[in-house]
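Here is the structure we will look at.
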Amino acid sequence: MGSHPVKPGEHMVRIAAEEHVASYRSLWDHASNKDLAAKRKNPNILLPGDVVNLPNPAPKTANVPTEKVSKFVAASRDQLDFRLVLLDENNQPIKNVKCQFLEEGPETTSDGSGTLERLELSPRFELGVLRFDFRTEDLSQRGAAPPDVFAGNENVRLAFAIAVGHLDPLDTPSGIQARLSNLGYYAGEIGYAEEDELALRCAIEEFEKENGLTPAGDPTSATMQAKLKDVHGC
Amino acid sequence: MFPETELEEGFASAHRLPALPIYAAPSTRDEFRTSNKMRVSINPIACWRMNDARFEFDSSFVLPDAARELAVLARMVTLQPDAPLSVFGHADPVGKEDYNIVLGARRAKAIYGLLLHDPDVWESLFSPAFGGDDWSAKHVTGTMLGMLGYSAKKAEVKRFQHDHGLSDDGTIGHDTRRELFLAYMAALFPPQLKPQAFLGRGADAKNRADFQSCGEFNAALLLSASENRALPQAKRNVENSVNRRVVIFFYQPGLRVDPAQWPCPAPPLKQQDASAAIGTCKGRFWSDGDARRKPASDARRAFKETHDTFACRFYQRNAGWSPCEGGQKLRHWVIRLLNPGGTPLTAGAPLANEPFVAIAGSDGTRRTVGCTDAAGVLRVRLQEPATQLTVRIAGNELVFDAGALQPLPETGDARAGAAQRLFNLGYGSGDPASWDQVEFTRVLRRFQTDQGVDAAEAGTLGPATRAKLIDVYGG
């Protein structure tokens with residue numbers, strides 16, 4: 001039996017694709033990965049350094065005629081999606097806005113709850129840039145510059161780099177930092193929870209305050225983690 | 001947008017915290033359906049600070065010399081006309097909390113009114129006076145007349161009135177004062193802003209999110225308890241002047257904050273409004289906010305060194321990484337990517353606006369996600385230089401060794417450093433340390449041809465080649 005150490009950006013579907021396994025479930029549900037599944041709970045959220053065991057593939061017999069070409073395709077049966085809820089600075093959904101993930105490629109529109117879906121991603125999809133027109137501003141209403149320079153309406157286009165597969169588990173410092181960061185709280189550099197203790201604490205307390213908890217700033221608090229999971233969605 | 005700029009009595013800078021990226025989990029189509037959430041953040045993108053010296057002593061009146069700092073603010077506003085701004089007034093921790101929060105609010109309001117060229121705002125500060133902040137007693141009309149090329153003499157007041165179409169009785173009444181405020185504001189800060197330029201967009205009758213007072217709660221410097229006891233009042237006052245400042249933050253363009261949800265209270269302009277405002281401020285304090293604002297027994301604490309003197313957590317969220325408040329520095333690695341894998345340089349296209357993830361260290365959790373800028377520059381924020389940095393971008397995986405770059409000395413052997421730079425720019429192949437003289441010369445010639453370096457230096461690392469290499473490589 002082999003094993004696959006989890007690298008940054010990897011999740012079960014990607015690992016299954018890398019290892020030419022038809023479905024990630026044959027790994028995730030396998031007895032040899034029981035501990036991993038119990039620890040991580042969600043196959044989409046692993047931690048770099050986790051180890052996925054690779055059970056020996058069961059032999060498969062196929063009858064094929066001689067003197068004719070037969071084709072075998074090792075296809076993945078896994079389907080991978082991506083889902084993101086967009087909120088504005090006042091916690092209101094950013095509804096019905098056209099979003100682009102990469103310069104080329106189709107536009108996706110967020111729905112009435114601000115949810116954006118990209119279905120059937122490649123298992124190896126990792127990096128994108130989310131761009132959308134956030135607001136239209138009439139700069140002449142601000143008087144910040146001479147009207148002949150900035151006359152009329154301008155779209156404010158926002159861009160966010162997205163790294164799929166780089167969200168660490170909820171109960172790890174880097175996972176807490178990343179969720180807080182996604183929610184608009186700067187929580188220090190991801191993976192530097194000790195060095196950036198002040199930023200992390202500030203972000204946790206601000207999150208707690210804005211979500212009805214008593215600010216304590218403790219990254220190990222189970223109450224805070226449960227609330228963070230609830231608010232962030234995973 | 002704006003470099004760190006030390007002003008005579010203040011500071012201005014862009015912030016180094018760019019838009020936060022999104023770290024996301026994918027989703028499978030089984031019981032592990034997964035959803036992520038992102039929220040547009042309210043982190044400031046730039047700051048401007050003006051010190052106590054630009055205000056009349058113990059007053060909210062803005063002195064003529066403020067024109068120097070305000071000229072920089074005018075430039076920032078013109079460069080970023082769509083970034084909303086918000087004004088924060090601060091007082092020192094001497095005296096009473098309620099007096100200090102009102103003085104901070106009056107100073108913030110003075111700046112707010114000045115940027116709007118709104119004489120009614122200043123009239124409300126002129127009368128009624130508040131404690132020592134008595135514009136009338138400080139003879140501010142004389143100061144303004146002087147700055148505008150007149151004087152407080154009756155004949156000069158008449159001349160001002162005549163020049164501004166007022167009846168010239170030589171007495172400064174309400175109408176004359178109004179014209180004086182207007183002329184003075186326009187002289188101090190020529191680009192007039194509208195209420196929509198501020199974070200609260202003037203939507204709230206009490207200007208929540210447009211300007212606010214932190215009172216004495218967010219000290220830049222806390223003298224020690226023993227200093228507070230031992231120093232004479234005048235000396236203490238001088239030492240505390242760094243606390244009496246006004247800071248403006250610029251926010252992400254397009255932000256429209258709901259004033260009702262804004263954590264700061266409406267700025268209290270009268271003593272009787274102070275206690276409610278203080279209550280709101282304290283509701284946003286750090287869980288150990290009172291300990292943070294308490295002077296240490298023997299050592300003074302400066303925010304720029306200890307980062308623990310702000311009692312308000314929300315202010316720290318805004319200002320804690322701001323160069324204007326001496327916030328924690330965010331260090332960057334800067335790497336310029338030139339079309340990796342392709343033909344070097346001559347192909348020319350930098351890898352612009354491309355998403356990347358940079359992974360530092362060995363455990364794989366230290367990550368920065370971002371986008372390269374228009375020039376293909378990649379900025380990675382790190383706490384300490386990692387020995388190794390792996391960057392995934394545009395389907396490539398690049399490995400950078402920190403500290404392995406050899407210098408490019410002006411005299412002596414610069415070949416090793418030059419070889420590394422040439423290799424990083426895409427010239428040659430294999431390990432640059434193992435290039436022999438023939439290979440090095442061949443590679444160098446190609447670079448010289450591409451860059452049009454004087455043929456006299458062909459194949460040798462002369463001063464023109466060295467200068468070009470530094471220019472192209474970036475130091």
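Letters A, B, ... go to the chains of the structure tokens in the order shown; residues in each chain start at 1; ligands are counted from 1 in the same order.
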
Legend entry - DSSP-assigned alpha helix (DSSP H) among stretch 197-235 of chain B, expressed as a VMD selection string: chain B and resid 225 to 230 233 to 235

Stretch 37-108 of chain A near stretch 253-259 of chain B within 10 Å: what's each residue's closest atom pair and its distance in Å to one decimal, counting only C-alpha atoms, ordered by chain then ascending residue number, as a tab-separated table?
```
residue	atom	partner	partner_atom	distance
A:Asp88	CA	B:Leu255	CA	8.5
A:Glu89	CA	B:Val257	CA	6.8
A:Asn90	CA	B:Asp258	CA	6.5
```

Legend entry - Residues within 9 Å of stretch 307-320 of chain B, only C-alpha atoms, excluding chain neighbours under 3 positions, as a VMD selection string: (chain A and resid 185 to 186 198 to 199 202 to 203 205 to 206) or (chain B and resid 42 to 44 47 214 217 to 222 249 263 to 264 281 to 295 301 to 304 323 to 328)

Inset, instruction - Pick out the closest residue to B:Ala418 from this set: B:Asn396, B:Ser213, B:Ser297, B:Thr441. Count only C-alpha atoms. - result: B:Thr441

Inset, instruction - Would you mind telling me which residue in B:Ala352, B:Val238, B:Val377, B:Ala230 lies nearest to chain A when using only C-alpha atoms? - result: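 Looking at the shortest contact to chain A, the residue is B:Ala352.
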
Legend entry - A:Lys229 surroundings by only C-alpha atoms, 9 Å radius, close-in-sequence under 4 positions cut, as JSON, numbers by chain: {"A": [170, 179, 224, 225, 233, 234]}

Inset, instruction - Have a look at B:Ser429, B:Ser226, B:Thr365, B:Gln212 and name the one nearest to B:Val102; count only C-alpha atoms. - result: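 That would be B:Gln212, the residue with the smallest distance to B:Val102.
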
What's around B:Asp133 at 9 Å? Count only C-alpha atoms, leave out sequence neighbours fewer than 6 positions away in its own chain, and write the answer as a PDB file with all heavy atoms, in the first residue's frame.
```
ATOM      1  N   GLU B  56      -4.394  75.573  16.802  1.00  0.00           N
ATOM      2  CA  GLU B  56      -4.214  76.539  17.878  1.00  0.00           C
ATOM      3  C   GLU B  56      -4.159  75.762  19.189  1.00  0.00           C
ATOM      4  O   GLU B  56      -4.818  74.724  19.345  1.00  0.00           O
ATOM      5  CB  GLU B  56      -5.412  77.505  17.844  1.00  0.00           C
ATOM      6  CG  GLU B  56      -5.389  78.612  18.849  1.00  0.00           C
ATOM      7  CD  GLU B  56      -4.260  79.600  18.613  1.00  0.00           C
ATOM      8  OE1 GLU B  56      -4.322  80.386  17.647  1.00  0.00           O
ATOM      9  OE2 GLU B  56      -3.308  79.569  19.424  1.00  0.00           O
ATOM     10  N   PHE B  57      -3.364  76.247  20.143  1.00  0.00           N
ATOM     11  CA  PHE B  57      -3.175  75.527  21.394  1.00  0.00           C
ATOM     12  C   PHE B  57      -4.514  75.268  22.094  1.00  0.00           C
ATOM     13  O   PHE B  57      -5.323  76.176  22.266  1.00  0.00           O
ATOM     14  CB  PHE B  57      -2.230  76.302  22.325  1.00  0.00           C
ATOM     15  CG  PHE B  57      -2.069  75.624  23.653  1.00  0.00           C
ATOM     16  CD1 PHE B  57      -1.375  74.422  23.750  1.00  0.00           C
ATOM     17  CD2 PHE B  57      -2.652  76.152  24.801  1.00  0.00           C
ATOM     18  CE1 PHE B  57      -1.256  73.772  24.970  1.00  0.00           C
ATOM     19  CE2 PHE B  57      -2.531  75.503  26.025  1.00  0.00           C
ATOM     20  CZ  PHE B  57      -1.834  74.316  26.102  1.00  0.00           C
ATOM     21  N   ASP B  58      -4.742  74.016  22.474  1.00  0.00           N
ATOM     22  CA  ASP B  58      -5.960  73.593  23.173  1.00  0.00           C
ATOM     23  C   ASP B  58      -7.223  74.011  22.424  1.00  0.00           C
ATOM     24  O   ASP B  58      -8.254  74.299  23.012  1.00  0.00           O
ATOM     25  CB  ASP B  58      -5.972  74.173  24.602  1.00  0.00           C
ATOM     26  CG  ASP B  58      -7.080  73.551  25.451  1.00  0.00           C
ATOM     27  OD1 ASP B  58      -7.447  72.385  25.182  1.00  0.00           O
ATOM     28  OD2 ASP B  58      -7.590  74.218  26.359  1.00  0.00           O
ATOM     29  N   SER B  59      -7.138  74.027  21.076  1.00  0.00           N
ATOM     30  CA  SER B  59      -8.271  74.513  20.291  1.00  0.00           C
ATOM     31  C   SER B  59      -8.436  73.678  19.036  1.00  0.00           C
ATOM     32  O   SER B  59      -7.543  72.922  18.642  1.00  0.00           O
ATOM     33  CB  SER B  59      -8.017  75.979  19.924  1.00  0.00           C
ATOM     34  OG  SER B  59      -8.888  76.394  18.896  1.00  0.00           O
ATOM     35  N   SER B  60      -9.597  73.814  18.410  1.00  0.00           N
ATOM     36  CA  SER B  60      -9.841  73.100  17.162  1.00  0.00           C
ATOM     37  C   SER B  60      -9.555  73.976  15.945  1.00  0.00           C
ATOM     38  O   SER B  60      -9.762  73.549  14.815  1.00  0.00           O
ATOM     39  CB  SER B  60     -11.297  72.609  17.123  1.00  0.00           C
ATOM     40  OG  SER B  60     -12.180  73.699  17.269  1.00  0.00           O
ATOM     41  N   PHE B  61      -9.091  75.200  16.182  1.00  0.00           N
ATOM     42  CA  PHE B  61      -8.825  76.086  15.049  1.00  0.00           C
ATOM     43  C   PHE B  61      -7.565  75.637  14.297  1.00  0.00           C
ATOM     44  O   PHE B  61      -6.507  75.411  14.897  1.00  0.00           O
ATOM     45  CB  PHE B  61      -8.674  77.540  15.509  1.00  0.00           C
ATOM     46  CG  PHE B  61      -8.373  78.470  14.373  1.00  0.00           C
ATOM     47  CD1 PHE B  61      -9.334  78.744  13.411  1.00  0.00           C
ATOM     48  CD2 PHE B  61      -7.107  79.033  14.226  1.00  0.00           C
ATOM     49  CE1 PHE B  61      -9.055  79.576  12.338  1.00  0.00           C
ATOM     50  CE2 PHE B  61      -6.820  79.868  13.152  1.00  0.00           C
ATOM     51  CZ  PHE B  61      -7.790  80.138  12.206  1.00  0.00           C
ATOM     52  N   LEU B 103     -13.098  67.515  22.633  1.00  0.00           N
ATOM     53  CA  LEU B 103     -12.046  68.255  21.917  1.00  0.00           C
ATOM     54  C   LEU B 103     -11.613  67.496  20.657  1.00  0.00           C
ATOM     55  O   LEU B 103     -11.449  68.085  19.587  1.00  0.00           O
ATOM     56  CB  LEU B 103     -10.837  68.510  22.830  1.00  0.00           C
ATOM     57  CG  LEU B 103      -9.731  69.362  22.170  1.00  0.00           C
ATOM     58  CD1 LEU B 103     -10.248  70.744  21.757  1.00  0.00           C
ATOM     59  CD2 LEU B 103      -8.515  69.505  23.073  1.00  0.00           C
ATOM     60  N   ARG B 106     -14.245  68.026  18.071  1.00  0.00           N
ATOM     61  CA  ARG B 106     -14.228  69.375  17.493  1.00  0.00           C
ATOM     62  C   ARG B 106     -13.065  69.517  16.506  1.00  0.00           C
ATOM     63  O   ARG B 106     -13.194  70.171  15.482  1.00  0.00           O
ATOM     64  CB  ARG B 106     -14.161  70.422  18.614  1.00  0.00           C
ATOM     65  CG  ARG B 106     -15.496  70.549  19.356  1.00  0.00           C
ATOM     66  CD  ARG B 106     -15.392  71.440  20.586  1.00  0.00           C
ATOM     67  NE  ARG B 106     -15.084  72.827  20.278  1.00  0.00           N
ATOM     68  CZ  ARG B 106     -16.003  73.793  20.123  1.00  0.00           C
ATOM     69  NH1 ARG B 106     -17.288  73.529  20.240  1.00  0.00           N
ATOM     70  NH2 ARG B 106     -15.623  75.042  19.859  1.00  0.00           N
ATOM     71  N   LEU B 125     -18.347  75.755  15.498  1.00  0.00           N
ATOM     72  CA  LEU B 125     -17.212  75.614  16.408  1.00  0.00           C
ATOM     73  C   LEU B 125     -16.861  76.966  17.043  1.00  0.00           C
ATOM     74  O   LEU B 125     -16.432  77.043  18.194  1.00  0.00           O
ATOM     75  CB  LEU B 125     -15.991  75.061  15.647  1.00  0.00           C
ATOM     76  CG  LEU B 125     -16.147  73.642  15.088  1.00  0.00           C
ATOM     77  CD1 LEU B 125     -15.024  73.322  14.107  1.00  0.00           C
ATOM     78  CD2 LEU B 125     -16.173  72.613  16.212  1.00  0.00           C
ATOM     79  N   PHE B 126     -17.064  78.031  16.255  1.00  0.00           N
ATOM     80  CA  PHE B 126     -16.780  79.383  16.742  1.00  0.00           C
ATOM     81  C   PHE B 126     -17.696  79.710  17.922  1.00  0.00           C
ATOM     82  O   PHE B 126     -17.273  80.268  18.929  1.00  0.00           O
ATOM     83  CB  PHE B 126     -17.001  80.375  15.589  1.00  0.00           C
ATOM     84  CG  PHE B 126     -16.619  81.786  15.925  1.00  0.00           C
ATOM     85  CD1 PHE B 126     -15.322  82.244  15.702  1.00  0.00           C
ATOM     86  CD2 PHE B 126     -17.552  82.669  16.456  1.00  0.00           C
ATOM     87  CE1 PHE B 126     -14.969  83.552  16.009  1.00  0.00           C
ATOM     88  CE2 PHE B 126     -17.197  83.977  16.769  1.00  0.00           C
ATOM     89  CZ  PHE B 126     -15.902  84.411  16.543  1.00  0.00           C
TER      90      PHE B 126
END
```

Inset, instruction - Give the answer as one residue: which of B:Gln448, B:Asn353, B:Gln406, B:Ser275 has the shortest atom-to-atom distance to B:Asp98, using only C-alpha atoms? - result: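 With only C-alpha atoms as the atom set, the closest residue is B:Ser275.
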
Inset, instruction - Enumerate the residues of stretch 54-195 of chain A with a DSSP assignment of strand (DSSP E or B), computed from the backbone, and present them as a PyMOL selection string. - result: chain A and resi 54+80-87+93+98-100+107-109+115-121+127-138+153-164+190

Closest-contact table, stretch 266-370 of chain B side, partner stretch 5-17 of chain A, 12 Å, counting only C-alpha atoms, as CSV:
```
residue,atom,partner,partner_atom,distance
B:Phe356,CA,A:Gly9,CA,11.7
B:Val357,CA,A:Gly9,CA,9.2
B:Ala358,CA,A:Pro8,CA,9.9
B:Ile359,CA,A:Pro8,CA,7.8
B:Ala360,CA,A:Pro8,CA,10.5
B:Gly361,CA,A:Pro8,CA,11.5
B:Ser362,CA,A:Lys7,CA,10.4
B:Asp363,CA,A:Pro8,CA,9.0
B:Gly364,CA,A:Pro8,CA,5.6
B:Thr365,CA,A:Pro8,CA,7.1
B:Arg366,CA,A:Pro8,CA,9.2
B:Arg367,CA,A:Pro8,CA,8.6
B:Thr368,CA,A:Pro8,CA,11.4
B:Val369,CA,A:Gly9,CA,11.2
```

Those same residues, written as a PDB file, in the first residue's frame with N, CA and C atoms?
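Dumped everything to result_26.pdb:
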```pdb
ATOM      1  N   PHE B 356      -1.436  34.091  -8.049  1.00  0.00           N
ATOM      2  CA  PHE B 356      -0.351  33.199  -7.641  1.00  0.00           C
ATOM      3  C   PHE B 356      -0.574  32.762  -6.207  1.00  0.00           C
ATOM      4  N   VAL B 357       0.064  31.671  -5.853  1.00  0.00           N
ATOM      5  CA  VAL B 357       0.161  31.311  -4.440  1.00  0.00           C
ATOM      6  C   VAL B 357       1.637  31.082  -4.157  1.00  0.00           C
ATOM      7  N   ALA B 358       2.101  31.673  -3.067  1.00  0.00           N
ATOM      8  CA  ALA B 358       3.499  31.513  -2.667  1.00  0.00           C
ATOM      9  C   ALA B 358       3.520  30.723  -1.372  1.00  0.00           C
ATOM     10  N   ILE B 359       4.336  29.710  -1.335  1.00  0.00           N
ATOM     11  CA  ILE B 359       4.393  28.829  -0.167  1.00  0.00           C
ATOM     12  C   ILE B 359       5.790  28.926   0.429  1.00  0.00           C
ATOM     13  N   ALA B 360       5.853  29.290   1.711  1.00  0.00           N
ATOM     14  CA  ALA B 360       7.147  29.482   2.361  1.00  0.00           C
ATOM     15  C   ALA B 360       7.372  28.398   3.385  1.00  0.00           C
ATOM     16  N   GLY B 361       8.625  28.072   3.601  1.00  0.00           N
ATOM     17  CA  GLY B 361       8.947  27.132   4.662  1.00  0.00           C
ATOM     18  C   GLY B 361       8.543  25.716   4.312  1.00  0.00           C
ATOM     19  N   SER B 362       8.628  24.849   5.311  1.00  0.00           N
ATOM     20  CA  SER B 362       8.511  23.435   4.998  1.00  0.00           C
ATOM     21  C   SER B 362       7.159  22.827   5.328  1.00  0.00           C
ATOM     22  N   ASP B 363       6.381  23.404   6.273  1.00  0.00           N
ATOM     23  CA  ASP B 363       5.177  22.666   6.668  1.00  0.00           C
ATOM     24  C   ASP B 363       3.988  22.921   5.736  1.00  0.00           C
ATOM     25  N   GLY B 364       4.141  23.861   4.808  1.00  0.00           N
ATOM     26  CA  GLY B 364       3.126  24.033   3.778  1.00  0.00           C
ATOM     27  C   GLY B 364       1.932  24.870   4.188  1.00  0.00           C
ATOM     28  N   THR B 365       1.870  25.339   5.438  1.00  0.00           N
ATOM     29  CA  THR B 365       0.714  26.149   5.833  1.00  0.00           C
ATOM     30  C   THR B 365       0.970  27.646   5.628  1.00  0.00           C
ATOM     31  N   ARG B 366       2.229  28.040   5.412  1.00  0.00           N
ATOM     32  CA  ARG B 366       2.550  29.462   5.276  1.00  0.00           C
ATOM     33  C   ARG B 366       2.368  29.876   3.831  1.00  0.00           C
ATOM     34  N   ARG B 367       1.277  30.578   3.582  1.00  0.00           N
ATOM     35  CA  ARG B 367       0.913  30.849   2.203  1.00  0.00           C
ATOM     36  C   ARG B 367       0.492  32.288   1.998  1.00  0.00           C
ATOM     37  N   THR B 368       0.834  32.831   0.870  1.00  0.00           N
ATOM     38  CA  THR B 368       0.298  34.120   0.464  1.00  0.00           C
ATOM     39  C   THR B 368      -0.343  33.931  -0.892  1.00  0.00           C
ATOM     40  N   VAL B 369      -1.577  34.373  -1.013  1.00  0.00           N
ATOM     41  CA  VAL B 369      -2.266  34.335  -2.287  1.00  0.00           C
ATOM     42  C   VAL B 369      -2.420  35.772  -2.751  1.00  0.00           C
TER      43      VAL B 369
END
```
